[in-house]
Structure formats: structure tokens, C-alpha cells
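Participant: Okay, so here is input01.txt, and as you'll see once you scroll down, it has compact mmCIF, C-alpha atoms.
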# COMPACT_ATOMS: atom_id res chain seq x y z
CA MET V 1 24.96 -16.95 -79.58
CA ARG V 2 26.25 -13.59 -80.41
CA PRO V 3 26.81 -11.30 -77.40
CA ILE V 4 24.74 -8.14 -77.21
CA GLY V 5 26.80 -5.00 -76.85
CA LEU V 6 25.57 -2.09 -74.67
CA THR V 7 26.76 1.37 -75.23
CA THR V 8 27.08 4.10 -72.60
CA ALA V 9 24.08 6.02 -73.93
CA SER V 10 21.85 2.97 -73.76
CA VAL V 11 22.91 2.24 -70.15
CA ALA V 12 22.15 5.82 -69.07
CA ALA V 13 18.74 5.71 -70.74
CA ALA V 14 17.94 2.43 -69.01
CA LEU V 15 18.91 3.78 -65.61
CA ALA V 16 16.81 6.93 -66.17
CA LEU V 17 13.77 4.82 -67.09
CA GLY V 18 14.31 2.60 -64.03
CA LEU V 19 14.55 5.55 -61.64
CA ALA V 20 11.50 7.18 -63.20
CA GLY V 21 9.53 4.01 -62.73
CA CYS V 22 10.51 3.75 -59.03
CA GLY V 23 9.59 7.40 -58.22
CA LEU V 24 6.40 8.44 -56.30
CA THR V 25 3.54 10.10 -58.09
CA PRO V 26 2.95 13.64 -56.66
CA ALA V 27 -0.32 14.03 -54.71
CA LYS V 28 -3.12 15.93 -56.33
CA LEU V 29 -3.75 19.33 -54.70
CA SER V 30 -7.17 19.98 -53.21
CA PRO V 31 -9.28 22.89 -54.53
CA THR V 32 -8.84 24.75 -51.23
CA HIS V 33 -5.06 24.51 -51.25
CA ILE V 34 -3.30 27.88 -50.87
CA THR V 35 -1.25 28.71 -53.90
CA ALA V 36 0.63 31.76 -55.07
CA ALA V 37 -2.21 32.66 -57.37
CA SER V 38 -4.66 32.92 -54.42
CA ALA V 39 -2.63 35.57 -52.59
CA PRO V 40 -4.66 38.61 -51.46
CA ALA V 41 -4.86 41.30 -54.03
CA GLU V 42 -3.05 44.54 -53.46
CA ARG V 43 -5.24 47.14 -51.74
CA GLY V 44 -3.77 50.13 -53.43
CA THR V 45 -0.50 51.90 -53.58
CA ILE V 46 1.13 53.50 -50.57
CA PRO V 47 0.60 57.27 -50.61
CA PRO V 48 3.71 59.38 -50.87
CA PRO V 49 5.08 60.89 -47.67
CA VAL V 50 3.95 64.34 -46.68
CA GLN V 51 6.58 66.84 -47.71
CA LEU V 52 5.08 69.90 -46.01
CA ALA V 53 3.85 69.66 -42.43
CA PRO V 54 0.91 71.87 -41.39
CA VAL V 55 1.91 75.08 -39.72
CA LEU V 56 0.55 75.41 -36.20
CA PRO V 57 -0.84 78.76 -35.18
CA LYS V 58 1.25 80.89 -32.90
CA PRO V 59 0.32 80.53 -29.24
CA THR V 60 -1.72 83.36 -27.86
CA PRO V 61 -0.22 84.79 -24.69
CA THR V 62 -2.58 84.74 -21.74
CA THR V 63 -2.88 87.52 -19.25
CA PRO V 64 -1.38 86.49 -15.92
CA PRO V 65 -3.80 86.67 -12.98
CA GLU V 66 -3.61 89.81 -10.90
CA THR V 67 -1.88 89.43 -7.57
CA TYR V 68 -2.19 91.37 -4.32
CA SER V 69 -0.10 91.90 -1.24
CA VAL V 70 -1.96 92.05 2.07
CA VAL V 71 -0.45 92.70 5.50
CA VAL V 72 -3.05 93.04 8.27
CA SER V 73 -3.27 92.34 11.99
CA ASN V 74 -6.56 91.71 13.80
CA VAL V 75 -8.65 93.35 11.08
CA ARG V 76 -12.40 92.69 10.82
CA VAL V 77 -13.10 90.22 8.06
CA GLN V 78 -15.83 92.46 6.57
CA ASP V 79 -13.39 95.36 6.16
CA LEU V 80 -10.76 93.13 4.58
CA LEU V 81 -13.24 91.60 2.14
CA PHE V 82 -14.53 95.04 1.11
CA ALA V 83 -10.97 96.22 0.42
CA LEU V 84 -10.14 93.11 -1.63
CA ALA V 85 -13.34 93.41 -3.67
CA ARG V 86 -12.65 97.08 -4.36
CA ASP V 87 -9.11 96.38 -5.60
CA ALA V 88 -10.31 93.43 -7.70
CA LYS V 89 -13.18 95.52 -9.10
CA LEU V 90 -15.81 93.03 -7.95
CA ASN V 91 -19.22 93.50 -6.40
CA VAL V 92 -19.37 91.97 -2.95
CA ASP V 93 -22.20 90.61 -0.80
CA ILE V 94 -21.34 89.61 2.77
CA ASN V 95 -23.77 87.76 4.98
CA SER V 96 -24.41 89.36 8.37
CA ASP V 97 -23.41 86.21 10.30
CA VAL V 98 -19.83 86.27 8.91
CA THR V 99 -17.76 87.62 11.79
CA GLY V 100 -14.20 87.42 13.09
CA THR V 101 -10.81 89.03 12.68
CA VAL V 102 -7.97 88.16 10.31
CA THR V 103 -4.21 88.41 10.72
CA MET V 104 -2.32 87.83 7.48
CA ASN V 105 0.94 88.52 5.71
CA ALA V 106 0.54 87.69 2.00
CA VAL V 107 2.80 88.86 -0.83
CA ASP V 108 1.90 88.61 -4.53
CA GLN V 109 -1.01 86.17 -4.23
CA THR V 110 -4.14 85.85 -6.34
CA LEU V 111 -7.63 86.61 -5.08
CA PRO V 112 -8.64 82.90 -4.75
CA GLN V 113 -5.51 82.26 -2.69
CA LEU V 114 -6.28 85.16 -0.37
CA LEU V 115 -9.93 84.14 0.04
CA SER V 116 -8.91 80.57 0.83
CA ARG V 117 -6.52 81.78 3.53
CA ILE V 118 -9.19 84.03 5.00
CA ALA V 119 -11.66 81.12 5.05
CA ASP V 120 -9.14 79.13 7.10
CA GLN V 121 -9.23 81.76 9.85
CA VAL V 122 -12.94 82.59 10.03
CA ASP V 123 -16.11 80.54 9.57
CA MET V 124 -17.01 81.45 5.99
CA ARG V 125 -17.26 80.18 2.42
CA TYR V 126 -17.35 82.19 -0.80
CA GLU V 127 -18.54 81.99 -4.40
CA VAL V 128 -17.45 84.09 -7.36
CA LYS V 129 -20.33 84.50 -9.82
CA GLY V 130 -19.07 86.51 -12.74
CA SER V 131 -18.27 89.94 -11.30
CA ASP V 132 -19.99 89.25 -7.95
CA LEU V 133 -18.29 87.95 -4.81
CA VAL V 134 -20.72 86.31 -2.39
CA VAL V 135 -19.49 85.53 1.13
CA MET V 136 -21.56 83.56 3.62
CA ARG V 137 -21.17 81.51 6.76
CA ASP V 138 -19.83 78.00 6.27
CA THR V 139 -23.01 75.99 6.87
CA PRO V 140 -24.43 72.93 5.07
CA TYR V 141 -25.97 73.78 1.71
CA LEU V 142 -27.62 71.93 -1.16
CA HIS V 143 -25.35 70.85 -4.01
CA ILE V 144 -25.91 68.33 -6.80
CA TYR V 145 -23.08 65.96 -7.71
CA HIS V 146 -23.01 63.70 -10.74
CA VAL V 147 -21.91 60.20 -9.70
CA ASP V 148 -20.66 57.97 -12.54
CA TYR V 149 -21.85 54.60 -11.28
CA VAL V 150 -24.20 51.93 -12.59
CA ASN V 151 -27.70 52.29 -11.15
CA LEU V 152 -28.06 48.77 -9.73
CA SER V 153 -27.54 46.66 -6.64
CA ARG V 154 -26.20 43.12 -6.59
CA ASP V 155 -26.24 40.35 -3.97
CA ALA V 156 -24.01 37.29 -4.25
CA LYS V 157 -24.12 34.18 -2.08
CA SER V 158 -21.96 31.06 -2.22
CA VAL V 159 -22.15 27.88 -0.10
CA ASN V 160 -19.26 25.42 0.19
CA ASN V 161 -19.85 22.03 1.85
CA LEU V 162 -16.90 19.87 2.92
CA SER V 163 -17.38 16.32 4.13
CA THR V 164 -14.69 13.84 5.23
CA GLN V 165 -14.89 10.26 6.48
CA VAL V 166 -12.06 8.28 8.08
CA ILE V 167 -12.28 4.56 8.78
CA ASN V 168 -9.90 2.99 11.32
CA THR V 169 -9.35 -0.76 11.23
CA GLY V 170 -7.22 -2.90 13.53
CA ALA V 171 -6.17 -6.51 13.83
CA GLY V 172 -7.27 -6.67 17.44
CA THR V 173 -5.62 -8.46 20.33
CA ALA V 174 -4.40 -12.02 20.30
CA GLY V 175 -7.34 -14.36 20.15
CA GLY V 176 -9.77 -11.43 19.87
CA ALA V 177 -11.85 -10.11 17.03
CA ALA V 178 -10.71 -7.27 14.79
CA SER V 179 -11.93 -3.73 15.69
CA SER V 180 -13.03 -0.96 13.38
CA GLY V 181 -14.19 2.65 13.76
CA THR V 182 -15.56 5.45 11.62
CA SER V 183 -15.01 9.21 12.02
CA ASN V 184 -17.16 11.68 10.08
CA SER V 185 -16.56 15.42 9.73
CA THR V 186 -18.75 17.95 7.92
CA SER V 187 -18.21 21.71 7.54
CA THR V 188 -20.26 24.35 5.71
CA ILE V 189 -18.96 27.78 4.64
CA ASN V 190 -21.49 30.46 3.68
CA SER V 191 -20.21 33.59 1.92
CA VAL V 192 -22.55 36.53 1.33
CA SER V 193 -21.53 39.65 -0.62
CA ASP V 194 -23.79 42.70 -0.87
CA ASN V 195 -22.89 45.33 -3.47
CA LYS V 196 -25.34 48.15 -2.75
CA PHE V 197 -23.50 51.29 -3.73
CA TRP V 198 -26.43 53.68 -3.54
CA ALA V 199 -27.57 52.50 -0.11
CA THR V 200 -24.02 52.93 1.21
CA LEU V 201 -23.79 56.40 -0.35
CA VAL V 202 -27.06 57.50 1.25
CA ASP V 203 -25.94 56.20 4.65
CA ASN V 204 -22.64 58.08 4.38
CA VAL V 205 -24.39 61.35 3.48
CA LYS V 206 -26.78 60.91 6.42
CA ALA V 207 -23.81 60.34 8.73
CA ILE V 208 -22.15 63.55 7.49
CA LEU V 209 -25.35 65.54 8.03
CA GLN V 210 -25.75 64.06 11.50
CA GLU V 211 -22.23 65.13 12.46
CA THR V 212 -22.91 68.63 11.11
CA ARG V 213 -26.10 68.97 13.13
CA SER V 214 -24.41 67.79 16.31
CA ALA V 215 -21.62 70.35 15.78
CA GLU V 216 -24.07 73.27 15.56
CA PRO V 217 -24.43 75.27 18.77
CA VAL V 218 -27.59 74.58 20.71
CA PRO V 219 -29.65 77.76 21.19
CA VAL V 220 -30.00 78.81 24.80
CA VAL V 221 -33.57 79.48 25.87
CA PRO V 222 -33.75 82.19 28.58
What do you get writing this file as C-alpha cells?

Facilitator:
Amino acid sequence: MRPIGLTTASVAAALALGLAGCGLTPAKLSPTHITAASAPAERGTIPPPVQLAPVLPKPTPTTPPETYSVVVSNVRVQDLLFALARDAKLNVDINSDVTGTVTMNAVDQTLPQLLSRIADQVDMRYEVKGSDLVVMRDTPYLHIYHVDYVNLSRDAKSVNNLSTQVINTGAGTAGGAASSGTSNSTSTINSVSDNKFWATLVDNVKAILQETRSAEPVPVVP
């Protein structure tokens, strides 16, 4: 037989065919597979940066509140209030039951500050309604407050039962029978929570009014 000669090119081709035959076939992609073609489309171009910022208006200077200096000693509160209202160019109404004297040394203070200091020395409260100053005795009065709270009441109750059982066994004495015993324990925990905001608020207001009534002087009947 005549020997068959193999060249280098034929050996390389044979090896390439052998490796190709031993390779794995790539898996087929599913229709829902994410590919580069399914990337989200661009939503538009980015707008250019703002080159000119809006110009803010110049701040308007506000007029500072007018201040007063008051130095008095044992002056009737009516006279002091009349003088303050005259200097502040306000109309003033003073209730007849506002009495007392005031001693004060105030320098460069506003009218609300002065009225607050006067109210600390005598039994009075005040209201500024436009250009009118109304002064009256500090007594309970009707006022409406807006309370930001849900209009509901809620009751919650939870019961927890715990039960344990212990069994004791023993071998007993020599020649005697074995002994056994059972111990049972049961406990119950009741938790009650009442969330009644409005009832609590009404009770608190009633308590405040009751304290105010008890603090009022009792009229003396001759």
C-alpha cells in the first residue's frame, strides 16, 4: 500500500471541523428576551441650560412699628390707657370694671408690648379692631377654635390567654409504686383602649370653666 501524505493545511482543516462538531448549539432566544433593539425610546432632547436667571424685584422696605417710652408710678390704668391711645392715634373703649394702678418703666417698646405689660399688673384684656382699642375685664368669653382632628371615636380591646401545664413523675420509693402529679396554670390579660378625643376635650373645657367659676368672688348679700 502506498502511504497517504497529510499536509499542514489538511490537518488544520480537520481539526477545525472536529472542534466545530464538538461545540454546543446556542440556545434559541425567547420572544420576550430583552435585546438592545427593545431599549426604551428616547423621550426627547435635554433642554439647554438657562443662561439668564429671572430678576427678582427689589424688596420693599417696611415701616418699623412705632415705639413709646413710658415711666409712671401708681397711675390709674384708665389714665394710662387714654394717654397711650392718644399717642397711638387710636379710639379707645374702656369697660367700667377695669380698675387698678400701674407702675412701669418702659423704653422704646411697641403698643402691644406695653398693653401686655399693663395686663400683667391689672385684671384686664384688650383687643385692637382696626383703629379701635377695646379694653375689658379679664373674664371668660366665647371664642371659636378650629381643631384639626378626625371626627370619630375608637375603642380597642384585646384579650390574651396563657395556659401552662406541668406534669411531675417520680420513680417512687423502693418497693412502692411510681407517683405522678399535674400542675395547671391559667392567666388572662384584658387590654382596653379608648380613643375618644372629643369627649376628653369637652371634659377638659368643663374643668377649665369650673375652675374659673370657683375663682370668681362670691357676692355678699347684706

Participant: Given only C-alpha atoms as the basis, pick out the residue of V:Ile208, V:Met136, V:Val122, V:Leu162 nearest to Thr186 in chain V.

Facilitator: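 For Thr186 in chain V, the nearest of the candidates is V:Leu162.
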
Participant: Neighbouring residues of Ser187 in chain V were defined as those with any atom within 12 Å, considering all atoms listed in the file; residues of the same chain fewer than 5 positions away were excluded. Please report them as number ranges by chain.

Facilitator: V: 159-165

Participant: Could you please determine the separation between CA of Ile94 in chain V and CA of Val135 in chain V in Å, to one decimal place?

Facilitator: 4.8 Å

Participant: Could you name the residues that touch Met124 in chain V at 12 Å or less, counting all atoms listed in the file, but leaving out those on the same chain fewer than 6 positions away, as a short mmCIF file (atom, residue, chain, number, x, y, z; two decimals) with C-alpha atoms, in the coordinates of the input?

Facilitator:
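Okay, this is what ended up in around-v1.cif:
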data_model
loop_
_atom_site.label_atom_id
_atom_site.label_comp_id
_atom_site.auth_asym_id
_atom_site.auth_seq_id
_atom_site.Cartn_x
_atom_site.Cartn_y
_atom_site.Cartn_z
CA VAL V 77 -13.10 90.22 8.06
CA GLN V 78 -15.83 92.46 6.57
CA LEU V 81 -13.24 91.60 2.14
CA ILE V 94 -21.34 89.61 2.77
CA ASN V 95 -23.77 87.76 4.98
CA SER V 96 -24.41 89.36 8.37
CA ASP V 97 -23.41 86.21 10.30
CA VAL V 98 -19.83 86.27 8.91
CA THR V 99 -17.76 87.62 11.79
CA GLY V 100 -14.20 87.42 13.09
CA THR V 101 -10.81 89.03 12.68
CA LEU V 115 -9.93 84.14 0.04
CA SER V 116 -8.91 80.57 0.83
CA ARG V 117 -6.52 81.78 3.53
CA ILE V 118 -9.19 84.03 5.00
CA VAL V 134 -20.72 86.31 -2.39
CA VAL V 135 -19.49 85.53 1.13
CA MET V 136 -21.56 83.56 3.62
CA ARG V 137 -21.17 81.51 6.76
CA ASP V 138 -19.83 78.00 6.27
CA THR V 139 -23.01 75.99 6.87
CA PRO V 140 -24.43 72.93 5.07
#

Participant: May I ask for the distance between CA of Ser158 in chain V and CA of Thr188 in chain V, given in Å to one decimal place?

Facilitator: 10.5 Å

Participant: Please tell me which residues are no farther than 7 Å from (-5.6, 86.6, 14.9) in the file, counting all atoms listed in the file, and write them as a ChimeraX atom specification.

Facilitator: /V:73-74,101-103

Participant: When distances are computed from all atoms listed in the file, which of V:Asn195, V:Asn190, V:Asn105, V:Thr110 shows the smallest separation from Asp87 in chain V?

Facilitator: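 Of the candidates, the smallest distance to Asp87 in chain V is held by V:Thr110.
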
Participant: Could you check how far CA of Asp194 in chain V sits from CA of Ala156 in chain V, in Å to one decimal?

Facilitator: 6.4 Å

Participant: Rank nothing, just name the residue among V:Glu211, V:Val205, V:Tyr141, V:Lys157 nearest to Ile189 in chain V, using only C-alpha atoms.

Facilitator: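 Of all the options, V:Lys157 lies closest to Ile189 in chain V.
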